[in-house]
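Have a look at the structure below, then the notes.
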2 protein chains.
Amino acid sequence: MESLTSTAPLSSLPPFARRAALLSNTLPASAPAVNLAFDSGHAFPGVLPDLTLEATAALTTFRAETLQYAPKAGLPALKAHIADYMTGEGAEVTAAQILVTNGAKHAIELVCRLLIDEGDTIVVTAPTYFTAIPIFRSFGVRFIEVGQDEDGLDVDELADSLSRLRNAGEAMPKFVYNVPDFHNPTGVTMSLARRHALLELAQHYGILIIEDSPYRKVRFTGESLPSLKALDRAGVVVHVGTFSKLMAPGLRVGWAAASPALITRMIQLKSDGGSCPLTQRIIVEFLNAGRLTGHINRIQATYQANRDQMVAAVRRELPDVTLTIPEGGYYLWLTLPDGVDGDAVARAASASGVTVISGSKFFAMSDVHRARHHLRVAYSHASHEEIVLGIRALATGYQSVTESSVVVPAG
Amino acid sequence: MESLTSTAPLSSLPPFARRAALLSNTLPASAPAVNLAFDSGHAFPGVLPDLTLEATAALTTFRAETLQYAPKAGLPALKAHIADYMTGEGAEVTAAQILVTNGAKHAIELVCRLLIDEGDTIVVTAPTYFTAIPIFRSFGVRFIEVGQDEDGLDVDELADSLSRLRNAGEAMPKFVYNVPDFHNPTGVTMSLARRHALLELAQHYGILIIEDSPYRKVRFTGESLPSLKALDRAGVVVHVGTFSKLMAPGLRVGWAAASPALITRMIQLKSDGGSCPLTQRIIVEFLNAGRLTGHINRIQATYQANRDQMVAAVRRELPDVTLTIPEGGYYLWLTLPDGVDGDAVARAASASGVTVISGSKFFAMSDVHRARHHLRVAYSHASHEEIVLGIRALATGYQSVTESSVVVPAG
């Protein structure tokens with residue numbers, strides 16, 4: 001062995017991966033200290049369920065299950081419940097087609113691990129769920145953005161893009177990522193005709209669809225539409241679900257539902273000792289006790305009242321701002337007048353005591369002009385009083401920006 | 001939009017990623033139905049702690065914390081406990097240098113996400129922890145294998161390899177992965193001199209060391225040696241710990257401890273809504289109650305008795321087999337006589353009613369001759385009676401193989 005001086009300083013760390021260097025668009029690891037947080041999809045504290053009985057059963061009756069490693073695909077009892085739940089929603093899925101994950105984002109990550117090589121293309125809406133963007137980016141994807149209107153993802157625009165790629169002899173995208181129910185951040189729900197058209201297109205080109213549907217049951221008005229998975233006859237849809245919005249975010253239990261060929265490979269790629277059996281069993285006991293339906297009713301009533309409170313506050317305090325009232329979900333998507341910079345308003349609002357997320361965070365590609373005049377504001381977490389105070393603080397921030405005339409070109 | 005026939009069958013799924021295609025060496029998703037499982041590091045049921053009080057406190061007093069999203073880096077109270085625990089072990093680590101993960105393998109995966117591009121090289125021992133191999137492989141690494149002796153990883157051999165790479169102008173490996181305490185599968189503990197030599201080498205070449213140390217406290221005899229992290233003055237060690245072996249596998253809480261520069265980037269790459277705050281809080285309450293020391297004492301006594309029982313059974317039932325008695329950990333590493341195929345013995349043992357893992361699973365590269373005459377046998381999970389029955393079943397399998405004269409070249 002060659003001689004080495006033990007005091008030699010480390011010349012340098014090894015270089016980070018390209019995947020890591022590509023990362024950006026993440027929010028600060030720690031949010032600034034403010035009074036009111038409208039930036040995240042936390043649950044309303046008053047509707048967090050009491051899970052003490054479930055936990056006690058899980059840690060006594062089921063101790064040999066909940067304190068050991070769990071089956072990689074999930075507890076059979078939970079997979080059966082999820083399959084029943086999805087079948088009740090019109091998607092004929094068996095327990096063997098379910099993979100339990102550490103939250104929905106873990107399911108998205110596993111789909112990427114299965115499908116994405118650096119440089120592969122995927123399709124996202126513009127805007128799209130901002131937390132998914134760094135996951136995709138960390139796999140080195142190239143994005144194709146597709147617009148949205150009041151019926152959801154613009155399938156005609158996507159068809160044109162795919163046709164051009166095919167004609168140019170280029171590789172097809174690996175998947176289309178979408179939030180068809182109460183889209184995050186826009187709140188738009190994809191129409192039935194668009195759902196059929198998207199499925200047809202995906203099937204034609206051999207492209208998968210990642211259907212991310214955390215808010216599906218958080219519907220206040222209007223008719224629920226079939227999920228893409230319920231309409232999927234060709235096995236092109238990977239449905240991603242979560243108990244974060246059905247029960248509580250802290251449980252960190254989500255799932256993927258897909259064809260057996262895909263689920264089998266995703267299980268192989270899941271590099272943990274099974275997802276947490278304790279939280280899985282707590283959920284099973286909650287479902288066995290028949291508590292889900294009542295809980296969903298409470299959630300719907302709570303978040304509808306919160307939405308109404310926030311819509312009224314925005315109309316009162318921010319008359320220049322436009323919005324479409326969402327039929328469900330956790331968020332309002334505010335459109336600022338042309339020329340008002342959402343990044344500046346979000347910064348000013350934070351200084352005024354309320355955190356909101358600028359629309360620019362929700363665009364995978366840096367089309368700054370289009371991205372800059374929106375805000376996403378969560379009504380899920382705050383009390384009615386906090387909603388009033390927070391929107392007032394947002395209005396203060398807004399006024400400080402418009403009065404100092406920070407103007408960007410109209411989008 | 002071009003016309004598409006809605007009944008068009010899906011021509012094909014999109015191609016899987018190279019990362020996915022490279023996978024192999026995984027165990028079957030579901031183990032065959034057998035009576036006795038000596039193949040996994042499950043805890044002994046009798047030492048699983050009663051966590052009902054901790055869970056009740058977590059779901060009442062701390063409900064606003066445990067049912068919401070958690071800080072990405074982990075609960076501050078848990079990070080402080082982990083930093084104290086490591087400092088008590090001689091590694092001066094602050095809470096800011098801790099990242100709580102969904103089990104230890106999640107920490108390993110995050111290190112890979114930060115560092116590995118397809119084609120990068122890493123160093124592993126031969127043999128190495130078999131569950132880490134598919135994680136590394138899924139990132140498209142190339143392996144450098146380094147041998148082991150009774151003092152652990154052969155640092156001279158590694159120095160020669162690195163020197164050759166440097167002289168050939170080739171890229172250095174990104175990291176050395178090792179289990180220095182009660183190595184999985186061999187049970188070997190790395191000597192202090194080797195620890196110093198490995199650190200010096202890593203520092204000289206600017207290579208990180210991933211110190212995976214789940215069994216550190218499961219020591220029965222002999223003196224505990226400083227962890228690599230405790231000896232690390234240059235910030236080259238990423239220490240990976242877990243509560244799976246300190247408390248219970250089902251909690252699915254592990255951690256990484258590393259320099260702030262590395263931990264900050266790993267937090268950015270962690271694409272979940274924080275690790276489960278409920279299980280984190282249960283652990284905090286367990287530690288606050290001062291229960292860890294007593295629990296570790298029980299674990300040590302239990303697994304020492306199990307080890308002694310299994311060593312005696314192996315000597316009685318399998319006199320041809322050689323083994324070194326490990327001073328701690330969960331496993332015996334059995335060396336079969338030259339020419340006896342571990343894969344064949346493991347298959348035959350399974351047919352006789354006991355599952356063990358063939359040594360071949362623990363080699364990252366397919367050097368079949370060297371790999372084939374070992375078995376890893378876990379004494380952690382079974383009762384004394386089951387240990388006797390299981391080793392008897394293993395002996396039956398062994399005899400069926402040796403009597404049918406399945407012979408491979410000596411390794």
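Chain labels A, B, ... are given in the sequence in which chains occur in the structure tokens; within each chain residues are numbered consecutively from 1, and ligands are likewise numbered from 1 in the order shown.
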* Asked: What lies within 8 Å of Ile210 of chain A using only C-alpha atoms, ignoring chain neighbours under 5 positions off, as a PyMOL selection string?
  -> chain A and resi 108+175-178+237-240
May I have the residues from that selection written out with all heavy atoms, as a compact mmCIF listing (two decimals), in the first residue's frame?
```txt
# COMPACT_ATOMS: atom_id res chain seq x y z
N ILE A 108 -44.81 7.82 -7.67
CA ILE A 108 -44.35 8.53 -8.89
C ILE A 108 -42.87 8.25 -9.12
O ILE A 108 -42.44 7.98 -10.24
CB ILE A 108 -44.60 10.05 -8.72
CG1 ILE A 108 -46.11 10.33 -8.66
CG2 ILE A 108 -43.95 10.83 -9.86
CD1 ILE A 108 -46.46 11.76 -8.28
N PHE A 175 -44.34 8.79 -20.62
CA PHE A 175 -45.68 8.88 -20.03
C PHE A 175 -46.19 10.31 -20.02
O PHE A 175 -45.43 11.27 -20.21
CB PHE A 175 -45.72 8.28 -18.61
CG PHE A 175 -44.80 8.88 -17.61
CD1 PHE A 175 -45.08 10.11 -17.02
CD2 PHE A 175 -43.64 8.21 -17.21
CE1 PHE A 175 -44.23 10.66 -16.06
CE2 PHE A 175 -42.77 8.76 -16.26
CZ PHE A 175 -43.08 9.99 -15.69
N VAL A 176 -47.51 10.41 -19.82
CA VAL A 176 -48.18 11.69 -19.58
C VAL A 176 -48.49 11.73 -18.09
O VAL A 176 -49.15 10.81 -17.58
CB VAL A 176 -49.49 11.80 -20.38
CG1 VAL A 176 -50.21 13.12 -20.07
CG2 VAL A 176 -49.24 11.63 -21.87
N TYR A 177 -48.03 12.76 -17.41
CA TYR A 177 -48.36 12.92 -15.99
C TYR A 177 -49.48 13.94 -15.86
O TYR A 177 -49.38 15.04 -16.40
CB TYR A 177 -47.13 13.40 -15.20
CG TYR A 177 -47.48 13.81 -13.78
CD1 TYR A 177 -47.68 12.85 -12.79
CD2 TYR A 177 -47.65 15.15 -13.44
CE1 TYR A 177 -48.04 13.23 -11.50
CE2 TYR A 177 -48.00 15.53 -12.16
CZ TYR A 177 -48.19 14.57 -11.19
OH TYR A 177 -48.56 14.93 -9.93
N ASN A 178 -50.54 13.57 -15.15
CA ASN A 178 -51.65 14.52 -15.01
C ASN A 178 -52.40 14.30 -13.69
O ASN A 178 -52.39 13.22 -13.13
CB ASN A 178 -52.63 14.37 -16.19
CG ASN A 178 -53.56 15.58 -16.30
OD1 ASN A 178 -53.28 16.67 -15.78
ND2 ASN A 178 -54.68 15.39 -16.97
N VAL A 237 -52.83 3.00 -17.88
CA VAL A 237 -52.90 3.96 -16.78
C VAL A 237 -52.24 3.39 -15.52
O VAL A 237 -52.57 2.29 -15.09
CB VAL A 237 -54.36 4.35 -16.47
CG1 VAL A 237 -54.41 5.29 -15.25
CG2 VAL A 237 -55.01 5.01 -17.68
N VAL A 238 -51.34 4.17 -14.94
CA VAL A 238 -50.86 3.91 -13.59
C VAL A 238 -51.57 4.93 -12.70
O VAL A 238 -51.34 6.13 -12.80
CB VAL A 238 -49.33 4.09 -13.47
CG1 VAL A 238 -48.89 3.83 -12.03
CG2 VAL A 238 -48.60 3.18 -14.45
N HIS A 239 -52.48 4.42 -11.87
CA HIS A 239 -53.23 5.30 -10.98
C HIS A 239 -52.46 5.45 -9.67
O HIS A 239 -52.02 4.46 -9.09
CB HIS A 239 -54.62 4.70 -10.71
CG HIS A 239 -55.48 5.54 -9.81
ND1 HIS A 239 -56.41 6.42 -10.31
CD2 HIS A 239 -55.55 5.64 -8.46
CE1 HIS A 239 -57.02 7.03 -9.30
NE2 HIS A 239 -56.52 6.57 -8.16
N VAL A 240 -52.28 6.68 -9.23
CA VAL A 240 -51.57 6.95 -7.97
C VAL A 240 -52.56 7.52 -6.97
O VAL A 240 -53.20 8.54 -7.24
CB VAL A 240 -50.40 7.93 -8.20
CG1 VAL A 240 -49.75 8.32 -6.88
CG2 VAL A 240 -49.37 7.32 -9.15
```
What are the closest atom pairs, with distances in Å to one decimal, for all residues of chain A lying within 7 Å of chain B? Consider only C-alpha atoms, order rows by chain and residue number, and present the result as JSON lines.
```
{"residue": "A:Met1", "atom": "CA", "partner": "B:Asp156", "partner_atom": "CA", "distance": 5.2}
{"residue": "A:Leu4", "atom": "CA", "partner": "B:Glu200", "partner_atom": "CA", "distance": 6.9}
{"residue": "A:Ser6", "atom": "CA", "partner": "B:Glu200", "partner_atom": "CA", "distance": 5.6}
{"residue": "A:Ala8", "atom": "CA", "partner": "B:His204", "partner_atom": "CA", "distance": 6.6}
{"residue": "A:Pro9", "atom": "CA", "partner": "B:Ala234", "partner_atom": "CA", "distance": 6.8}
{"residue": "A:Leu10", "atom": "CA", "partner": "B:Gln203", "partner_atom": "CA", "distance": 5.0}
{"residue": "A:Ser11", "atom": "CA", "partner": "B:Gly206", "partner_atom": "CA", "distance": 6.0}
{"residue": "A:Ser12", "atom": "CA", "partner": "B:Gly206", "partner_atom": "CA", "distance": 5.5}
{"residue": "A:Leu13", "atom": "CA", "partner": "B:Gly206", "partner_atom": "CA", "distance": 5.5}
{"residue": "A:Pro14", "atom": "CA", "partner": "B:Lys174", "partner_atom": "CA", "distance": 5.9}
{"residue": "A:Pro15", "atom": "CA", "partner": "B:Leu115", "partner_atom": "CA", "distance": 6.9}
{"residue": "A:Phe16", "atom": "CA", "partner": "B:Leu115", "partner_atom": "CA", "distance": 4.5}
{"residue": "A:Ala17", "atom": "CA", "partner": "B:Leu115", "partner_atom": "CA", "distance": 4.5}
{"residue": "A:Arg18", "atom": "CA", "partner": "B:Asp117", "partner_atom": "CA", "distance": 6.5}
{"residue": "A:Ala20", "atom": "CA", "partner": "B:Leu114", "partner_atom": "CA", "distance": 5.3}
{"residue": "A:His42", "atom": "CA", "partner": "B:Gln68", "partner_atom": "CA", "distance": 6.2}
{"residue": "A:Ala43", "atom": "CA", "partner": "B:Gln68", "partner_atom": "CA", "distance": 6.7}
{"residue": "A:Pro45", "atom": "CA", "partner": "B:Ala64", "partner_atom": "CA", "distance": 6.5}
{"residue": "A:Leu48", "atom": "CA", "partner": "B:Leu67", "partner_atom": "CA", "distance": 6.9}
{"residue": "A:Leu51", "atom": "CA", "partner": "B:Leu59", "partner_atom": "CA", "distance": 6.7}
{"residue": "A:Thr52", "atom": "CA", "partner": "B:Thr56", "partner_atom": "CA", "distance": 5.7}
{"residue": "A:Ala55", "atom": "CA", "partner": "B:Ala55", "partner_atom": "CA", "distance": 6.7}
{"residue": "A:Thr56", "atom": "CA", "partner": "B:Thr52", "partner_atom": "CA", "distance": 5.7}
{"residue": "A:Leu59", "atom": "CA", "partner": "B:Thr52", "partner_atom": "CA", "distance": 6.0}
{"residue": "A:Ala64", "atom": "CA", "partner": "B:Pro45", "partner_atom": "CA", "distance": 6.6}
{"residue": "A:Thr66", "atom": "CA", "partner": "B:Gly250", "partner_atom": "CA", "distance": 5.6}
{"residue": "A:Leu67", "atom": "CA", "partner": "B:Gly250", "partner_atom": "CA", "distance": 3.9}
{"residue": "A:Gln68", "atom": "CA", "partner": "B:Gly250", "partner_atom": "CA", "distance": 4.4}
{"residue": "A:Tyr69", "atom": "CA", "partner": "B:Gly250", "partner_atom": "CA", "distance": 5.1}
{"residue": "A:Ala70", "atom": "CA", "partner": "B:Gly250", "partner_atom": "CA", "distance": 7.0}
{"residue": "A:Lys105", "atom": "CA", "partner": "B:Asp272", "partner_atom": "CA", "distance": 5.8}
{"residue": "A:His106", "atom": "CA", "partner": "B:Asp272", "partner_atom": "CA", "distance": 6.6}
{"residue": "A:Arg113", "atom": "CA", "partner": "B:Ala20", "partner_atom": "CA", "distance": 6.8}
{"residue": "A:Leu114", "atom": "CA", "partner": "B:Ala20", "partner_atom": "CA", "distance": 5.3}
{"residue": "A:Leu115", "atom": "CA", "partner": "B:Ala17", "partner_atom": "CA", "distance": 4.5}
{"residue": "A:Ile116", "atom": "CA", "partner": "B:Ala17", "partner_atom": "CA", "distance": 5.0}
{"residue": "A:Asp117", "atom": "CA", "partner": "B:Ala17", "partner_atom": "CA", "distance": 5.1}
{"residue": "A:Ile135", "atom": "CA", "partner": "B:Ser271", "partner_atom": "CA", "distance": 6.2}
{"residue": "A:Asp156", "atom": "CA", "partner": "B:Met1", "partner_atom": "CA", "distance": 5.1}
{"residue": "A:Ala159", "atom": "CA", "partner": "B:Met1", "partner_atom": "CA", "distance": 5.8}
{"residue": "A:Asp160", "atom": "CA", "partner": "B:Met1", "partner_atom": "CA", "distance": 6.4}
{"residue": "A:Lys174", "atom": "CA", "partner": "B:Pro14", "partner_atom": "CA", "distance": 5.9}
{"residue": "A:Glu200", "atom": "CA", "partner": "B:Ser6", "partner_atom": "CA", "distance": 5.7}
{"residue": "A:Gln203", "atom": "CA", "partner": "B:Leu10", "partner_atom": "CA", "distance": 5.1}
{"residue": "A:His204", "atom": "CA", "partner": "B:Leu10", "partner_atom": "CA", "distance": 6.4}
{"residue": "A:Gly206", "atom": "CA", "partner": "B:Leu13", "partner_atom": "CA", "distance": 5.4}
{"residue": "A:Ile207", "atom": "CA", "partner": "B:Pro14", "partner_atom": "CA", "distance": 6.0}
{"residue": "A:Ala234", "atom": "CA", "partner": "B:Leu10", "partner_atom": "CA", "distance": 6.1}
{"residue": "A:Ala248", "atom": "CA", "partner": "B:Leu67", "partner_atom": "CA", "distance": 5.4}
{"residue": "A:Pro249", "atom": "CA", "partner": "B:Gln68", "partner_atom": "CA", "distance": 4.9}
{"residue": "A:Gly250", "atom": "CA", "partner": "B:Leu67", "partner_atom": "CA", "distance": 3.9}
{"residue": "A:Leu251", "atom": "CA", "partner": "B:Cys276", "partner_atom": "CA", "distance": 6.1}
{"residue": "A:Arg252", "atom": "CA", "partner": "B:Cys276", "partner_atom": "CA", "distance": 5.6}
{"residue": "A:Ser271", "atom": "CA", "partner": "B:Ile135", "partner_atom": "CA", "distance": 6.2}
{"residue": "A:Asp272", "atom": "CA", "partner": "B:Lys105", "partner_atom": "CA", "distance": 5.8}
{"residue": "A:Cys276", "atom": "CA", "partner": "B:Arg252", "partner_atom": "CA", "distance": 5.7}
{"residue": "A:Pro277", "atom": "CA", "partner": "B:Gly250", "partner_atom": "CA", "distance": 5.9}
{"residue": "A:Leu278", "atom": "CA", "partner": "B:Gly250", "partner_atom": "CA", "distance": 6.6}
```
* Who sits within 10 Å of Asn288 of chain A, only C-alpha atoms, same chain under 5 positions skipped, as a list in words ->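 Using only C-alpha atoms, the neighbours found are Glu54, Ala77, Leu78, His81, Ile282 and Ile283 of chain A.
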* By how many Å are atom CA of Arg137 of chain B and atom CA of His374 of chain B apart? ->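 Taking atom CA of Arg137 of chain B as the start and atom CA of His374 of chain B as the end point, the length is 22.4 Å.
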* To do: Between atom CA of Pro337 of chain B and atom CA of Ser404 of chain B, measure the distance and give it in Å to one decimal.
  =>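 Atom-to-atom, atom CA of Pro337 of chain B to atom CA of Ser404 of chain B, that is 14.8 Å.
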* Mind checking DSSP for segment 17-240 of chain A and telling me the strand (DSSP E or B) residues as JSON, numbers by chain? -> {"A": [36, 37, 98, 99, 100, 101, 121, 122, 123, 124, 125, 142, 143, 144, 145, 146, 148, 149, 152, 153, 175, 176, 177, 178, 208, 209, 210, 211, 212, 219, 237, 238, 239, 240]}
* From the list B:Ile122, B:Ala312, B:Leu36, B:Ile98, which residue is nearest Leu394 of chain B when using only C-alpha atoms? -> B:Leu36
* From the list B:Phe62, B:Phe286, B:Phe130, B:Trp255, which residue is nearest Ser358 of chain B when using only C-alpha atoms? ->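 Under the stated criterion, the closest residue is B:Phe130.
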* Asked: So how far away is atom CA of Arg281 of chain A from atom CA of Tyr129 of chain A, in Å?
  ->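 It comes out at 29.3 Å.
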* To do: Pick out the closest residue to Ala378 of chain A from this set: A:Tyr398, A:Phe136, A:Phe38, A:Tyr303. Count only C-alpha atoms.
  =>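 Of the candidates, the smallest distance to Ala378 of chain A is held by A:Phe38.
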* Quick one: pick out all helix (DSSP H, G or I) residues within segment 187-411 of chain B from a backbone DSSP run and write them as a VMD selection string. => chain B and resid 192 to 205 228 to 231 249 to 251 260 to 269 277 to 288 292 to 317 342 to 352 359 to 362 368 to 371 384 to 403
* Counting only C-alpha atoms, figure out which residue out of B:Leu75, B:Ala107, B:Met86, B:Ala305 gets nearest to Ser383 of chain B. =>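 Result for the nearest residue to Ser383 of chain B: B:Ala305.
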* Find the spatial neighbours of Gly329 of chain B, counting only C-alpha atoms, within a cut-off of 6 Å - ignore same-chain residues fewer than 5 positions away - and output them as a count of residues only. => 3
* Can you tell me, as a PyMOL selection string, what residues are no more than 12 Å from segment 401-403 of chain A when counting only C-alpha atoms, ignoring any on the same chain fewer than 6 positions away? -> chain A and resi 318+320+336-349+351-352+394-395
Take the selection from the previous step and output its residues with all heavy atoms, as a CSV table (one decimal), in the first residue's frame.
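Now in out_31.csv:
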```csv
chain,number,residue,atom,x,y,z
A,318,LEU,N,-59.1,41.4,-2.9
A,318,LEU,CA,-58.3,41.5,-4.1
A,318,LEU,C,-59.2,41.5,-5.4
A,318,LEU,O,-59.2,40.6,-6.2
A,318,LEU,CB,-57.4,40.2,-4.2
A,318,LEU,CG,-56.3,40.1,-3.2
A,318,LEU,CD1,-55.8,38.7,-3.0
A,318,LEU,CD2,-55.1,41.0,-3.6
A,320,ASP,N,-59.0,42.9,-8.2
A,320,ASP,CA,-58.3,42.9,-9.5
A,320,ASP,C,-58.0,41.4,-9.9
A,320,ASP,O,-57.6,41.2,-11.1
A,320,ASP,CB,-57.0,43.6,-9.5
A,320,ASP,CG,-57.1,45.1,-9.1
A,320,ASP,OD1,-58.3,45.6,-9.1
A,320,ASP,OD2,-56.1,45.7,-8.8
A,336,LEU,N,-53.3,37.0,-11.6
A,336,LEU,CA,-53.1,38.4,-11.3
A,336,LEU,C,-53.3,39.2,-12.6
A,336,LEU,O,-53.2,38.7,-13.7
A,336,LEU,CB,-51.7,38.6,-10.8
A,336,LEU,CG,-51.3,37.8,-9.6
A,336,LEU,CD1,-49.8,37.9,-9.3
A,336,LEU,CD2,-52.1,38.2,-8.4
A,337,PRO,N,-53.6,40.5,-12.5
A,337,PRO,CA,-53.7,41.3,-13.7
A,337,PRO,C,-52.4,41.2,-14.5
A,337,PRO,O,-51.3,41.1,-14.0
A,337,PRO,CB,-53.9,42.7,-13.2
A,337,PRO,CG,-54.4,42.6,-11.8
A,337,PRO,CD,-53.8,41.3,-11.3
A,338,ASP,N,-52.5,41.4,-15.8
A,338,ASP,CA,-51.3,41.4,-16.7
A,338,ASP,C,-50.3,42.4,-16.2
A,338,ASP,O,-50.6,43.5,-15.8
A,338,ASP,CB,-51.7,41.9,-18.1
A,338,ASP,CG,-52.3,40.7,-18.9
A,338,ASP,OD1,-52.3,39.6,-18.4
A,338,ASP,OD2,-52.9,41.0,-20.0
A,339,GLY,N,-49.1,41.9,-16.1
A,339,GLY,CA,-48.0,42.7,-15.7
A,339,GLY,C,-47.6,42.7,-14.2
A,339,GLY,O,-46.6,43.2,-13.8
A,340,VAL,N,-48.5,42.0,-13.4
A,340,VAL,CA,-48.1,41.9,-12.0
A,340,VAL,C,-47.4,40.6,-11.8
A,340,VAL,O,-47.9,39.5,-12.1
A,340,VAL,CB,-49.4,42.0,-11.1
A,340,VAL,CG1,-49.0,41.9,-9.6
A,340,VAL,CG2,-50.1,43.3,-11.4
A,341,ASP,N,-46.2,40.7,-11.2
A,341,ASP,CA,-45.3,39.5,-11.1
A,341,ASP,C,-45.7,38.7,-9.8
A,341,ASP,O,-45.6,39.2,-8.7
A,341,ASP,CB,-43.9,40.1,-11.0
A,341,ASP,CG,-42.9,39.0,-10.8
A,341,ASP,OD1,-43.2,37.8,-10.8
A,341,ASP,OD2,-41.7,39.3,-10.7
A,342,GLY,N,-46.1,37.4,-10.1
A,342,GLY,CA,-46.5,36.5,-8.9
A,342,GLY,C,-45.3,36.3,-8.0
A,342,GLY,O,-45.6,36.2,-6.8
A,343,ASP,N,-44.1,36.2,-8.5
A,343,ASP,CA,-43.0,36.0,-7.6
A,343,ASP,C,-42.9,37.2,-6.6
A,343,ASP,O,-42.6,37.0,-5.4
A,343,ASP,CB,-41.7,35.9,-8.4
A,343,ASP,CG,-41.5,34.6,-9.1
A,343,ASP,OD1,-42.5,33.7,-9.0
A,343,ASP,OD2,-40.5,34.4,-9.8
A,344,ALA,N,-43.0,38.4,-7.2
A,344,ALA,CA,-42.9,39.6,-6.3
A,344,ALA,C,-44.0,39.6,-5.3
A,344,ALA,O,-43.8,40.0,-4.1
A,344,ALA,CB,-42.9,40.8,-7.2
A,345,VAL,N,-45.2,39.3,-5.7
A,345,VAL,CA,-46.4,39.3,-4.8
A,345,VAL,C,-46.2,38.2,-3.7
A,345,VAL,O,-46.4,38.5,-2.5
A,345,VAL,CB,-47.7,39.1,-5.6
A,345,VAL,CG1,-48.9,38.9,-4.6
A,345,VAL,CG2,-48.0,40.2,-6.5
A,346,ALA,N,-45.7,37.1,-4.1
A,346,ALA,CA,-45.5,36.0,-3.1
A,346,ALA,C,-44.4,36.5,-2.1
A,346,ALA,O,-44.6,36.2,-0.9
A,346,ALA,CB,-45.0,34.7,-3.8
A,347,ARG,N,-43.4,37.1,-2.5
A,347,ARG,CA,-42.4,37.6,-1.6
A,347,ARG,C,-42.9,38.7,-0.7
A,347,ARG,O,-42.7,38.7,0.5
A,347,ARG,CB,-41.2,38.2,-2.4
A,347,ARG,CG,-40.1,37.2,-2.9
A,347,ARG,CD,-38.8,37.9,-3.3
A,347,ARG,NE,-39.1,38.8,-4.4
A,347,ARG,CZ,-39.1,38.5,-5.7
A,347,ARG,NH1,-38.9,37.3,-6.1
A,347,ARG,NH2,-39.3,39.5,-6.6
A,348,ALA,N,-43.7,39.6,-1.3
A,348,ALA,CA,-44.3,40.7,-0.5
A,348,ALA,C,-45.3,40.1,0.5
A,348,ALA,O,-45.4,40.6,1.7
A,348,ALA,CB,-44.9,41.7,-1.4
A,349,ALA,N,-46.0,39.1,0.1
A,349,ALA,CA,-47.0,38.5,1.0
A,349,ALA,C,-46.3,37.9,2.2
A,349,ALA,O,-46.8,38.0,3.3
A,349,ALA,CB,-47.9,37.5,0.2
A,351,ALA,N,-43.6,38.7,3.5
A,351,ALA,CA,-43.1,39.8,4.4
A,351,ALA,C,-44.3,40.4,5.2
A,351,ALA,O,-44.2,40.9,6.3
A,351,ALA,CB,-42.5,40.9,3.6
A,352,SER,N,-45.5,40.3,4.6
A,352,SER,CA,-46.8,40.7,5.3
A,352,SER,C,-47.3,39.6,6.2
A,352,SER,O,-48.3,39.9,6.9
A,352,SER,CB,-47.8,41.1,4.3
A,352,SER,OG,-47.4,42.2,3.5
A,394,LEU,N,-52.2,39.0,2.2
A,394,LEU,CA,-51.8,38.9,0.8
A,394,LEU,C,-52.2,40.2,0.0
A,394,LEU,O,-51.4,40.6,-0.8
A,394,LEU,CB,-52.6,37.7,0.2
A,394,LEU,CG,-52.5,37.4,-1.3
A,394,LEU,CD1,-51.0,37.2,-1.7
A,394,LEU,CD2,-53.3,36.2,-1.7
A,395,ALA,N,-53.3,40.8,0.3
A,395,ALA,CA,-53.7,42.0,-0.3
A,395,ALA,C,-52.7,43.1,0.0
A,395,ALA,O,-52.4,43.9,-0.9
A,395,ALA,CB,-55.1,42.4,0.1
```
